[in-house]
Amino acid sequence: MSTTQTAERRYADFYRHQAKSPTLRGIYQDVYGDDYPAELEPFGFVTRTDLDRIAGLLDPPRGGLLVDIGCGRGGPGVAVAQARGARLLGLDVVAAAVEGAATLATRLGLPDAEFRKGSFTETGLPDSVAEAVLSIDALWMVWNKPAALAEVARILRPGARLVLTTWEPAYLDHSRMLTRAGLVVDSREETPHWKERQLAVYAAVLAETEALSRELGPGAEVIFEEARDTPPVLAETPRILLAAHRPG
Ligand SMILES: C[S@@+](CC[C@H](N)C(=O)[O-])C[C@H]1O[C@@H](n2cnc3c(N)ncnc32)[C@H](O)[C@@H]1O
């Protein structure tokens, strides 16, 4: 089974029901407090603090094209595009994610944002088209990370930046992979409070399986599996925020 099919299978049901789960939203709100950007309906662990940092590091020119890869339902990319006055194109391998994204973007005040099915390794975009590339909590799912980063380097305009968040197990060196893809790494940091918050979300998910199953249907399984399997490896797998640029 290809990576694309895996993501499709794992996430399609979740995305179809995510907006209808007050329990899931409540879990994140309890754990993150005001740092949780509830109105953006993220699927992952992004915070308002992360989004401010990402927007500051990316700094695309006004009207420049910002590409959000693994955009999910698009909310976090919309917030960054709005903060910087950029044009937004969101790509995700799961059709059910991008189907809902345009509606959410319009509700958030960015009706011109565009969303398409597309993958990290095959964006379908021309060379040097992006003034900035963003990816939140998506690269960890991609099998061929060198190919994904080479694709990012190809679509970035010389001088333009990539900012991403992902998890870094000890056997993976994202900075090295970025360098090998021809990019220059500008910064690498752990995101604030990531571990205690992630663990608290997982504990609450496992305590609320009944309500979550009712609200999310079969889509709940993907978050139950993650909540069960991830805690033991989390200590060795920091959530990192990386910024890099294409030289030129
Ligand atoms: C944890 S979600 C994050 C979604 C969104 N960035 C957010 O923060 O709300 C990870 C997303 O990556 C997408 N994804 C997984 N593999 C991908 C690939 N090869 N190319 C593009 N998107 C991918 C999944 O479909 C999913 O929507």
# chains A, B, ... in the order shown; residues from 1 in each chain; ligands from 1
call {"tool": "residues_near_ligand", "arguments": {"ligand": "ligand 1", "cutoff": "6 Å", "atoms": "only C-alpha atoms and all ligand atoms", "output": "list in words"}}
result
Thr4, Ala7, Pro42, Phe43, Gly44, Val46, Ile69, Gly70, Cys71, Gly72, Pro76, Asp92, Val93, Val94, Ser119, Phe120, Ile136, Asp137, Ala138, Met141 and Val142 of chain A
call {"tool": "residues_around", "arguments": {"residues": "Phe115 (chain A)", "least_positions_apart": "4", "cutoff": "7 Å", "atoms": "only C-alpha atoms", "output": "list in words"}}
result
Leu89, Gly90, Leu91, Val98, Ala101 and Ala102 of chain A
call {"tool": "residues_around", "arguments": {"residues": "Asn144 (chain A)", "least_positions_apart": "2", "cutoff": "12 Å", "atoms": "only C-alpha atoms", "output": "PDB file with N, CA, C and O atoms, in the first residue's frame"}}
result
ATOM      1  N   SER A   2       0.572   2.235  -0.862  1.00  0.00           N
ATOM      2  CA  SER A   2       1.404   3.434  -0.937  1.00  0.00           C
ATOM      3  C   SER A   2       1.129   4.355   0.245  1.00  0.00           C
ATOM      4  O   SER A   2       0.116   4.214   0.936  1.00  0.00           O
ATOM      5  N   THR A   3       2.037   5.313   0.465  1.00  0.00           N
ATOM      6  CA  THR A   3       1.838   6.292   1.546  1.00  0.00           C
ATOM      7  C   THR A   3       0.526   7.024   1.361  1.00  0.00           C
ATOM      8  O   THR A   3      -0.203   7.297   2.304  1.00  0.00           O
ATOM      9  N   THR A   4       0.240   7.391   0.092  1.00  0.00           N
ATOM     10  CA  THR A   4      -0.969   8.144  -0.199  1.00  0.00           C
ATOM     11  C   THR A   4      -2.201   7.358   0.231  1.00  0.00           C
ATOM     12  O   THR A   4      -3.084   7.874   0.909  1.00  0.00           O
ATOM     13  N   SER A 119       0.449  15.770  -3.160  1.00  0.00           N
ATOM     14  CA  SER A 119       1.272  15.130  -2.136  1.00  0.00           C
ATOM     15  C   SER A 119       2.618  15.836  -1.989  1.00  0.00           C
ATOM     16  O   SER A 119       3.051  16.584  -2.865  1.00  0.00           O
ATOM     17  N   PHE A 120       3.248  15.557  -0.879  1.00  0.00           N
ATOM     18  CA  PHE A 120       4.544  16.121  -0.550  1.00  0.00           C
ATOM     19  C   PHE A 120       5.557  15.785  -1.636  1.00  0.00           C
ATOM     20  O   PHE A 120       6.448  16.578  -1.943  1.00  0.00           O
ATOM     21  N   THR A 121       5.469  14.592  -2.187  1.00  0.00           N
ATOM     22  CA  THR A 121       6.471  14.174  -3.164  1.00  0.00           C
ATOM     23  C   THR A 121       6.080  14.557  -4.600  1.00  0.00           C
ATOM     24  O   THR A 121       6.932  14.587  -5.475  1.00  0.00           O
ATOM     25  N   GLU A 122       4.784  14.839  -4.816  1.00  0.00           N
ATOM     26  CA  GLU A 122       4.327  15.259  -6.154  1.00  0.00           C
ATOM     27  C   GLU A 122       3.298  16.357  -5.990  1.00  0.00           C
ATOM     28  O   GLU A 122       2.091  16.098  -5.935  1.00  0.00           O
ATOM     29  N   LEU A 139       4.985  15.974   7.874  1.00  0.00           N
ATOM     30  CA  LEU A 139       6.125  15.267   7.264  1.00  0.00           C
ATOM     31  C   LEU A 139       6.403  13.915   7.923  1.00  0.00           C
ATOM     32  O   LEU A 139       6.900  12.991   7.271  1.00  0.00           O
ATOM     33  N   TRP A 140       6.054  13.779   9.205  1.00  0.00           N
ATOM     34  CA  TRP A 140       6.303  12.497   9.890  1.00  0.00           C
ATOM     35  C   TRP A 140       5.571  11.354   9.199  1.00  0.00           C
ATOM     36  O   TRP A 140       5.980  10.191   9.310  1.00  0.00           O
ATOM     37  N   MET A 141       4.490  11.659   8.462  1.00  0.00           N
ATOM     38  CA  MET A 141       3.711  10.604   7.817  1.00  0.00           C
ATOM     39  C   MET A 141       4.279  10.175   6.468  1.00  0.00           C
ATOM     40  O   MET A 141       3.786   9.214   5.874  1.00  0.00           O
ATOM     41  N   VAL A 142       5.268  10.897   5.970  1.00  0.00           N
ATOM     42  CA  VAL A 142       5.752  10.651   4.606  1.00  0.00           C
ATOM     43  C   VAL A 142       6.910   9.659   4.644  1.00  0.00           C
ATOM     44  O   VAL A 142       7.897   9.870   5.342  1.00  0.00           O
ATOM     45  N   PRO A 146      13.371  12.318   1.932  1.00  0.00           N
ATOM     46  CA  PRO A 146      14.291  13.011   1.015  1.00  0.00           C
ATOM     47  C   PRO A 146      13.588  13.465  -0.270  1.00  0.00           C
ATOM     48  O   PRO A 146      13.807  14.583  -0.738  1.00  0.00           O
ATOM     49  N   ALA A 147      12.707  12.615  -0.821  1.00  0.00           N
ATOM     50  CA  ALA A 147      11.991  13.007  -2.043  1.00  0.00           C
ATOM     51  C   ALA A 147      11.052  14.180  -1.755  1.00  0.00           C
ATOM     52  O   ALA A 147      10.908  15.102  -2.578  1.00  0.00           O
ATOM     53  N   ALA A 148      10.415  14.175  -0.585  1.00  0.00           N
ATOM     54  CA  ALA A 148       9.499  15.271  -0.223  1.00  0.00           C
ATOM     55  C   ALA A 148      10.266  16.590  -0.100  1.00  0.00           C
ATOM     56  O   ALA A 148       9.822  17.631  -0.606  1.00  0.00           O
ATOM     57  N   LEU A 149      11.437  16.548   0.529  1.00  0.00           N
ATOM     58  CA  LEU A 149      12.194  17.791   0.720  1.00  0.00           C
ATOM     59  C   LEU A 149      12.808  18.273  -0.595  1.00  0.00           C
ATOM     60  O   LEU A 149      12.921  19.480  -0.838  1.00  0.00           O
ATOM     61  N   ALA A 150      13.164  17.325  -1.477  1.00  0.00           N
ATOM     62  CA  ALA A 150      13.656  17.718  -2.808  1.00  0.00           C
ATOM     63  C   ALA A 150      12.533  18.417  -3.579  1.00  0.00           C
ATOM     64  O   ALA A 150      12.770  19.401  -4.304  1.00  0.00           O
ATOM     65  N   GLU A 151      11.301  17.928  -3.407  1.00  0.00           N
ATOM     66  CA  GLU A 151      10.160  18.555  -4.088  1.00  0.00           C
ATOM     67  C   GLU A 151       9.934  19.981  -3.551  1.00  0.00           C
ATOM     68  O   GLU A 151       9.679  20.910  -4.314  1.00  0.00           O
ATOM     69  N   MET A 177      18.840  16.140   6.214  1.00  0.00           N
ATOM     70  CA  MET A 177      18.026  15.872   5.013  1.00  0.00           C
ATOM     71  C   MET A 177      17.734  17.167   4.245  1.00  0.00           C
ATOM     72  O   MET A 177      17.743  17.179   3.016  1.00  0.00           O
TER      73      MET A 177
END
call {"tool": "residues_around", "arguments": {"residues": "region 221-228 of chain A", "least_positions_apart": "2", "cutoff": "7 Å", "atoms": "only C-alpha atoms", "output": "mmCIF file with N, CA and C atoms, in the first residue's frame"}}
result
data_model
loop_
_atom_site.group_PDB
_atom_site.id
_atom_site.type_symbol
_atom_site.label_atom_id
_atom_site.label_comp_id
_atom_site.auth_asym_id
_atom_site.auth_seq_id
_atom_site.Cartn_x
_atom_site.Cartn_y
_atom_site.Cartn_z
ATOM 1 N N ARG A 10 -6.477 6.296 6.651
ATOM 2 C CA ARG A 10 -6.424 6.658 8.069
ATOM 3 C C ARG A 10 -7.234 7.913 8.382
ATOM 4 N N TYR A 202 -3.516 12.786 24.847
ATOM 5 C CA TYR A 202 -3.682 11.341 24.666
ATOM 6 C C TYR A 202 -4.423 10.712 25.852
ATOM 7 N N VAL A 205 -8.052 11.570 25.546
ATOM 8 C CA VAL A 205 -8.681 10.816 24.439
ATOM 9 C C VAL A 205 -9.035 9.413 24.922
ATOM 10 N N LEU A 206 -8.104 8.778 25.627
ATOM 11 C CA LEU A 206 -8.367 7.398 26.077
ATOM 12 C C LEU A 206 -9.423 7.355 27.180
ATOM 13 N N PRO A 218 -16.172 5.741 12.717
ATOM 14 C CA PRO A 218 -14.935 4.996 12.465
ATOM 15 C C PRO A 218 -13.701 5.907 12.444
ATOM 16 N N GLY A 219 -13.913 7.205 12.238
ATOM 17 C CA GLY A 219 -12.806 8.161 12.229
ATOM 18 C C GLY A 219 -12.118 8.276 13.581
ATOM 19 N N THR A 230 1.632 6.155 20.902
ATOM 20 C CA THR A 230 2.659 7.201 20.882
ATOM 21 C C THR A 230 3.343 7.469 22.225
ATOM 22 N N PRO A 231 2.619 7.505 23.365
ATOM 23 C CA PRO A 231 3.270 7.918 24.618
ATOM 24 C C PRO A 231 4.610 7.226 24.920
#
call {"tool": "closest_atom_pairs", "arguments": {"of": "region 48-119 of chain A", "to": "region 155-166 of chain A", "cutoff": "10 Å", "atoms": "only C-alpha atoms", "output": "Markdown table"}}
result
| residue | atom | partner | partner_atom | distance |
| --- | --- | --- | --- | --- |
| A:Asp50 | CA | A:Thr165 | CA | 9.0 |
| A:Arg53 | CA | A:Val163 | CA | 9.6 |
| A:Ile54 | CA | A:Val163 | CA | 6.4 |
| A:Ala55 | CA | A:Val163 | CA | 8.9 |
| A:Leu57 | CA | A:Val163 | CA | 7.2 |
| A:Leu58 | CA | A:Arg161 | CA | 5.8 |
| A:Asp59 | CA | A:Arg161 | CA | 8.2 |
| A:Pro60 | CA | A:Ala160 | CA | 7.7 |
| A:Pro61 | CA | A:Ala160 | CA | 9.7 |
| A:Leu65 | CA | A:Leu156 | CA | 9.9 |
| A:Leu66 | CA | A:Leu162 | CA | 9.7 |
| A:Val67 | CA | A:Ile155 | CA | 9.3 |
| A:Asp68 | CA | A:Leu164 | CA | 9.5 |
| A:Ile69 | CA | A:Leu164 | CA | 9.4 |
call {"tool": "write_last_selection", "arguments": {"atoms": "N, CA, C and O atoms", "output": "compact mmCIF listing (two decimals), in the first residue's frame"}}
result
# COMPACT_ATOMS: atom_id res chain seq x y z
N ASP A 50 2.87 28.69 18.11
CA ASP A 50 3.53 28.12 16.91
C ASP A 50 3.21 28.96 15.68
O ASP A 50 4.09 29.25 14.86
N ARG A 53 5.05 32.18 15.49
CA ARG A 53 6.46 31.93 15.18
C ARG A 53 6.63 31.57 13.70
O ARG A 53 7.53 32.07 13.02
N ILE A 54 5.75 30.71 13.20
CA ILE A 54 5.82 30.28 11.79
C ILE A 54 5.63 31.48 10.86
O ILE A 54 6.39 31.67 9.91
N ALA A 55 4.62 32.31 11.16
CA ALA A 55 4.35 33.48 10.29
C ALA A 55 5.55 34.42 10.29
O ALA A 55 5.95 34.95 9.25
N LEU A 57 8.75 33.65 10.88
CA LEU A 57 9.90 33.05 10.19
C LEU A 57 9.69 32.99 8.68
O LEU A 57 10.63 33.16 7.91
N LEU A 58 8.46 32.73 8.26
CA LEU A 58 8.21 32.58 6.82
C LEU A 58 8.29 33.91 6.08
O LEU A 58 8.92 34.00 5.04
N ASP A 59 7.56 34.88 6.62
CA ASP A 59 7.57 36.23 6.09
C ASP A 59 7.52 36.31 4.56
O ASP A 59 8.41 36.91 3.94
N PRO A 60 6.49 35.73 3.92
CA PRO A 60 6.39 35.86 2.46
C PRO A 60 6.02 37.29 2.10
O PRO A 60 5.42 37.99 2.90
N PRO A 61 6.38 37.74 0.89
CA PRO A 61 5.97 39.09 0.50
C PRO A 61 4.46 39.17 0.37
O PRO A 61 3.81 38.15 0.07
N LEU A 65 2.88 33.71 -3.12
CA LEU A 65 2.21 32.41 -2.97
C LEU A 65 2.82 31.61 -1.80
O LEU A 65 4.01 31.29 -1.79
N LEU A 66 1.95 31.28 -0.85
CA LEU A 66 2.32 30.42 0.28
C LEU A 66 1.68 29.05 0.03
O LEU A 66 0.46 28.95 -0.13
N VAL A 67 2.51 28.00 -0.01
CA VAL A 67 1.99 26.65 -0.23
C VAL A 67 2.04 25.90 1.10
O VAL A 67 3.09 25.83 1.74
N ASP A 68 0.88 25.37 1.52
CA ASP A 68 0.78 24.61 2.78
C ASP A 68 0.63 23.14 2.42
O ASP A 68 -0.40 22.72 1.89
N ILE A 69 1.67 22.34 2.70
CA ILE A 69 1.65 20.92 2.30
C ILE A 69 1.23 20.06 3.49
O ILE A 69 1.78 20.18 4.59
call {"tool": "closest_residue", "arguments": {"among": "A:Val233, A:Val201, A:Leu183, A:Ala81", "to": "Gly248 (chain A)", "atoms": "only C-alpha atoms"}}
result
A:Leu183
call {"tool": "closest_residue", "arguments": {"among": "A:Asp229, A:Asp13, A:Asp173, A:Glu189", "to": "Ala97 (chain A)", "atoms": "only C-alpha atoms"}}
result
A:Asp13
